[in-house]
Amino acid sequence: MTRGCSPFLVVALLFACKPAPVRPPQDTDTEEEAMIRAPGPVERAQALLQAGRPEEALAVFEEAIAGSPGDHELHYGRGVVLQTLGRGDDAVAAWREALALRPGFFPALNGIGAVELDAGRFTAAIEAFTAAIEARPDFADARYNLGLAYEGVGRAEEALASLREAQRLAPQDYDVYIAQAGLLLRLGRAQDAKVAASAALERRPGDLEASRSIGLALARLGEHEAAAVAFKPVVEARPEDHDTRLALARALSRAGQAEAALIHLERLAVALPEEAQVWSELGAALAKLGRLDGPSGALARLERSITLDPKLASAHVRKIAALAEGKRCKEAKAALRSFSAGDPREDARKQAEAALGDCR
């Protein structure tokens, strides 16, 4: 999730470069005092945005710009409203107007970068975020966004360094930790991902995305029972989250709870009847319970998986293993020959051969 220009942070960002005015309480105002204390266009637009009236907020900024075309803050605020309205390119144009009036205005640079990042234009996003950081080195949001942009172009270590700098600047920021957890998982650094996801959960107790990330890290570390505990609240809250349900089923199966895994796998088989991986996992769970034969047995489920995806190595390996463990060596060897005929990867072929066990 990029950190661009939230419509509820317009005033905060605009006043990041100058102190907000102090307004002492008074019982009465003269007409002149009331005019002085009347909210300006930024505050009025902010109130309209908070009330869900962005079109009116845009009109406020456009009227104000007509009277003060050289005010960079008004152009910036107009860009924020345009982004809120889904007009990203127009927002970028407004922010470039702000930058023309005040070069290096870091909120505008960050906004431009966020639009570029959301559009998948990672190189342009990196350029904008880097400029924002040069203008304001302690700008945590730009460092966070820069990390996402670096990951978009495959510069994972630079992405991680940028996210960690964002963490240093904003140590209580949930988004920074959850982004680190996802990146570390993709880098295969499960233990570090677990630490980052746990930090995210500390900052947002009960958060489902943090729980899911912890579960993924634990599963990769082989801590399957703990992974299942982490996945369960996510599945309960999001019953249609098929990916997490599948992760939960795998964790339960690998933790020796095949019966519990079956409940989730059978539900997934109904929801995703064309998903070969689901049938492979279902067959594996049934095989652990010794239920090999029949239309609802492990072998039938594994064969369904292979039919859907003949290249899915896990289904072939599991079928060979199930037959070998059932002492059906002739069928197991035939299954291995069939798999080998498909020219599988070397590591998958070796797994399939090892699955023969005593049948070799």
# chains A, B, ... in the order shown; residues from 1 in each chain; ligands from 1
>>> residues_around(residues="A:Leu109", least_positions_apart="2", cutoff="8 Å", atoms="only C-alpha atoms", output="ChimeraX atom specification")
/A:95,99,104-107,111-113,128-129,131-132
>>> write_last_selection(atoms="N, CA and C atoms", output="mmCIF file, in the first residue's frame")
data_model
loop_
_atom_site.group_PDB
_atom_site.id
_atom_site.type_symbol
_atom_site.label_atom_id
_atom_site.label_comp_id
_atom_site.auth_asym_id
_atom_site.auth_seq_id
_atom_site.Cartn_x
_atom_site.Cartn_y
_atom_site.Cartn_z
ATOM 1 N N TRP A 95 0.467 18.970 -8.759
ATOM 2 C CA TRP A 95 1.656 18.940 -7.895
ATOM 3 C C TRP A 95 2.874 19.493 -8.632
ATOM 4 N N LEU A 99 5.395 22.439 -7.479
ATOM 5 C CA LEU A 99 6.859 22.349 -7.508
ATOM 6 C C LEU A 99 7.483 23.452 -8.340
ATOM 7 N N GLY A 104 11.335 21.451 -4.762
ATOM 8 C CA GLY A 104 11.697 20.646 -3.602
ATOM 9 C C GLY A 104 10.601 20.508 -2.571
ATOM 10 N N PHE A 105 9.366 20.931 -2.892
ATOM 11 C CA PHE A 105 8.273 20.803 -1.928
ATOM 12 C C PHE A 105 7.959 19.316 -1.759
ATOM 13 N N PHE A 106 8.412 18.756 -0.648
ATOM 14 C CA PHE A 106 8.463 17.296 -0.525
ATOM 15 C C PHE A 106 7.108 16.600 -0.526
ATOM 16 N N PRO A 107 6.009 17.179 0.032
ATOM 17 C CA PRO A 107 4.729 16.463 -0.070
ATOM 18 C C PRO A 107 4.283 16.261 -1.515
ATOM 19 N N GLY A 111 3.611 12.777 -3.422
ATOM 20 C CA GLY A 111 2.340 12.505 -4.106
ATOM 21 C C GLY A 111 2.552 12.033 -5.529
ATOM 22 N N ILE A 112 3.449 12.697 -6.252
ATOM 23 C CA ILE A 112 3.764 12.280 -7.621
ATOM 24 C C ILE A 112 4.290 10.853 -7.626
ATOM 25 N N GLY A 113 5.208 10.572 -6.700
ATOM 26 C CA GLY A 113 5.767 9.224 -6.620
ATOM 27 C C GLY A 113 4.702 8.181 -6.347
ATOM 28 N N ALA A 128 10.966 10.345 -8.020
ATOM 29 C CA ALA A 128 10.190 11.303 -7.228
ATOM 30 C C ALA A 128 10.434 11.119 -5.732
ATOM 31 N N PHE A 129 10.444 9.874 -5.263
ATOM 32 C CA PHE A 129 10.656 9.640 -3.829
ATOM 33 C C PHE A 129 12.065 10.042 -3.407
ATOM 34 N N ALA A 131 13.859 12.387 -4.696
ATOM 35 C CA ALA A 131 13.870 13.847 -4.618
ATOM 36 C C ALA A 131 13.186 14.328 -3.341
ATOM 37 N N ALA A 132 12.096 13.671 -2.955
ATOM 38 C CA ALA A 132 11.401 14.048 -1.723
ATOM 39 C C ALA A 132 12.308 13.851 -0.510
#
>>> residues_around(residues="stretch 323-332 of chain A", least_positions_apart="5", cutoff="8 Å", atoms="only C-alpha atoms", output="JSON, numbers by chain")
{"A": [355, 356, 357, 358, 359]}
>>> write_last_selection(atoms="N, CA and C atoms", output="CSV table (one decimal), in the first residue's frame")
chain,number,residue,atom,x,y,z
A,355,ALA,N,10.3,-41.2,-3.2
A,355,ALA,CA,9.0,-41.5,-2.7
A,355,ALA,C,8.7,-43.0,-2.9
A,356,LEU,N,9.4,-43.7,-3.7
A,356,LEU,CA,9.2,-45.1,-3.9
A,356,LEU,C,9.5,-45.9,-2.6
A,357,GLY,N,10.4,-45.3,-1.8
A,357,GLY,CA,10.7,-46.0,-0.5
A,357,GLY,C,11.2,-47.4,-0.7
A,358,ASP,N,10.6,-48.3,0.0
A,358,ASP,CA,11.0,-49.8,0.0
A,358,ASP,C,10.7,-50.4,-1.4
A,359,CYS,N,9.9,-49.7,-2.2
A,359,CYS,CA,9.6,-50.3,-3.5
A,359,CYS,C,10.7,-50.2,-4.5
>>> residues_around(residues="A:Ala64", least_positions_apart="2", cutoff="12 Å", atoms="only C-alpha atoms", output="list of chain:residue names")
A:Gly40, A:Pro41, A:Val42, A:Glu43, A:Arg44, A:Ala45, A:Ala57, A:Leu58, A:Ala59, A:Val60, A:Phe61, A:Glu62, A:Ala66, A:Gly67, A:Ser68, A:Pro69, A:Gly70, A:Asp71, A:His72, A:Glu73, A:Leu74, A:His75, A:Gly77, A:Arg78
>>> residues_around(residues="A:Leu246", least_positions_apart="3", cutoff="9 Å", atoms="only C-alpha atoms", output="PyMOL selection string")
chain A and resi 241-243+249-251+261+264-265+268+278+281
>>> closest_residue(among="A:Lys232, A:Arg212, A:Arg267, A:Arg121", to="A:Ser198", atoms="only C-alpha atoms")
A:Arg212
>>> closest_residue(among="A:Ile65, A:Ala298, A:Leu216, A:Leu286", to="A:Glu97", atoms="only C-alpha atoms")
A:Ile65
>>> residues_around(residues="A:Val176", least_positions_apart="3", cutoff="8 Å", atoms="only C-alpha atoms", output="PDB file with C-alpha atoms, in the first residue's frame")
ATOM      1  CA  TYR A 144       8.498   3.669   2.931  1.00  0.00           C
ATOM      2  CA  LEU A 163      11.996   0.230   4.728  1.00  0.00           C
ATOM      3  CA  ARG A 164      14.348  -0.113   7.674  1.00  0.00           C
ATOM      4  CA  ALA A 166      11.461   4.293   7.484  1.00  0.00           C
ATOM      5  CA  GLN A 167      11.229   2.091  10.581  1.00  0.00           C
ATOM      6  CA  ASP A 173       4.320   2.563  12.033  1.00  0.00           C
ATOM      7  CA  ALA A 179       5.843  -4.321   4.258  1.00  0.00           C
ATOM      8  CA  GLN A 180       9.136  -5.600   5.642  1.00  0.00           C
TER       9      GLN A 180
END
>>> atom_distance(atom1="atom CA of A:Ala300", atom2="atom CA of A:Ala219")
27.2 Å
>>> residues_around(residues="A:Ala258", least_positions_apart="2", cutoff="7 Å", atoms="only C-alpha atoms", output="count of residues only")
9
>>> atom_distance(atom1="atom CA of A:Leu187", atom2="atom CA of A:Ala156")
7.9 Å
>>> atom_distance(atom1="atom CA of A:Glu165", atom2="atom CA of A:Gly120")
22.8 Å
>>> residues_around(residues="A:Ala196", least_positions_apart="3", cutoff="10 Å", atoms="only C-alpha atoms", output="PyMOL selection string")
chain A and resi 174+176-182+184+190-193+199-202+210+213-214
>>> write_last_selection(atoms="N, CA and C atoms", output="tab-separated table (two decimals), in the first residue's frame")
chain	number	residue	atom	x	y	z
A	174	TYR	N	2.85	0.68	11.72
A	174	TYR	CA	2.46	-0.69	11.36
A	174	TYR	C	2.80	-1.02	9.92
A	176	VAL	N	5.04	-0.06	7.90
A	176	VAL	CA	6.46	-0.29	7.63
A	176	VAL	C	6.85	-1.72	7.99
A	177	TYR	N	6.37	-2.20	9.12
A	177	TYR	CA	6.71	-3.57	9.54
A	177	TYR	C	6.04	-4.61	8.66
A	178	ILE	N	4.79	-4.37	8.28
A	178	ILE	CA	4.11	-5.38	7.47
A	178	ILE	C	4.71	-5.45	6.08
A	179	ALA	N	5.17	-4.31	5.56
A	179	ALA	CA	5.84	-4.32	4.26
A	179	ALA	C	7.17	-5.07	4.35
A	180	GLN	N	7.89	-4.86	5.44
A	180	GLN	CA	9.14	-5.60	5.64
A	180	GLN	C	8.87	-7.10	5.72
A	181	ALA	N	7.83	-7.48	6.43
A	181	ALA	CA	7.53	-8.91	6.57
A	181	ALA	C	7.27	-9.55	5.22
A	182	GLY	N	6.48	-8.88	4.38
A	182	GLY	CA	6.19	-9.43	3.06
A	182	GLY	C	7.44	-9.54	2.20
A	184	LEU	N	10.58	-9.77	3.24
A	184	LEU	CA	11.47	-10.79	3.81
A	184	LEU	C	10.97	-12.20	3.47
A	190	ALA	N	12.62	-16.26	6.51
A	190	ALA	CA	11.41	-16.48	7.30
A	190	ALA	C	11.55	-16.00	8.74
A	191	GLN	N	12.71	-16.22	9.35
A	191	GLN	CA	12.87	-15.80	10.74
A	191	GLN	C	12.77	-14.29	10.88
A	192	ASP	N	13.43	-13.57	9.98
A	192	ASP	CA	13.35	-12.11	10.00
A	192	ASP	C	11.93	-11.64	9.70
A	193	ALA	N	11.25	-12.34	8.80
A	193	ALA	CA	9.86	-12.00	8.48
A	193	ALA	C	8.97	-12.19	9.70
A	199	ALA	N	6.22	-7.57	15.14
A	199	ALA	CA	6.27	-6.16	15.50
A	199	ALA	C	5.04	-5.43	14.97
A	200	ALA	N	4.59	-5.80	13.76
A	200	ALA	CA	3.37	-5.20	13.21
A	200	ALA	C	2.17	-5.54	14.08
A	201	LEU	N	2.10	-6.79	14.54
A	201	LEU	CA	0.98	-7.22	15.37
A	201	LEU	C	0.99	-6.51	16.72
A	202	GLU	N	2.17	-6.24	17.25
A	202	GLU	CA	2.27	-5.50	18.52
A	202	GLU	C	1.68	-4.10	18.36
A	210	ALA	N	-1.20	-9.07	9.71
A	210	ALA	CA	-0.01	-9.40	10.50
A	210	ALA	C	-0.07	-10.86	10.94
A	213	SER	N	0.84	-13.04	8.01
A	213	SER	CA	2.28	-13.01	7.73
A	213	SER	C	3.06	-13.84	8.74
A	214	ILE	N	2.66	-13.77	10.00
A	214	ILE	CA	3.30	-14.60	11.02
A	214	ILE	C	3.09	-16.08	10.69
>>> closest_residue(among="A:Asn110, A:Pro54, A:Gly215, A:Lys194", to="A:Glu134", atoms="only C-alpha atoms")
A:Asn110
>>> closest_residue(among="A:Ser314, A:Ala230, A:Arg96, A:Leu272", to="A:Ala284", atoms="only C-alpha atoms")
A:Ser314
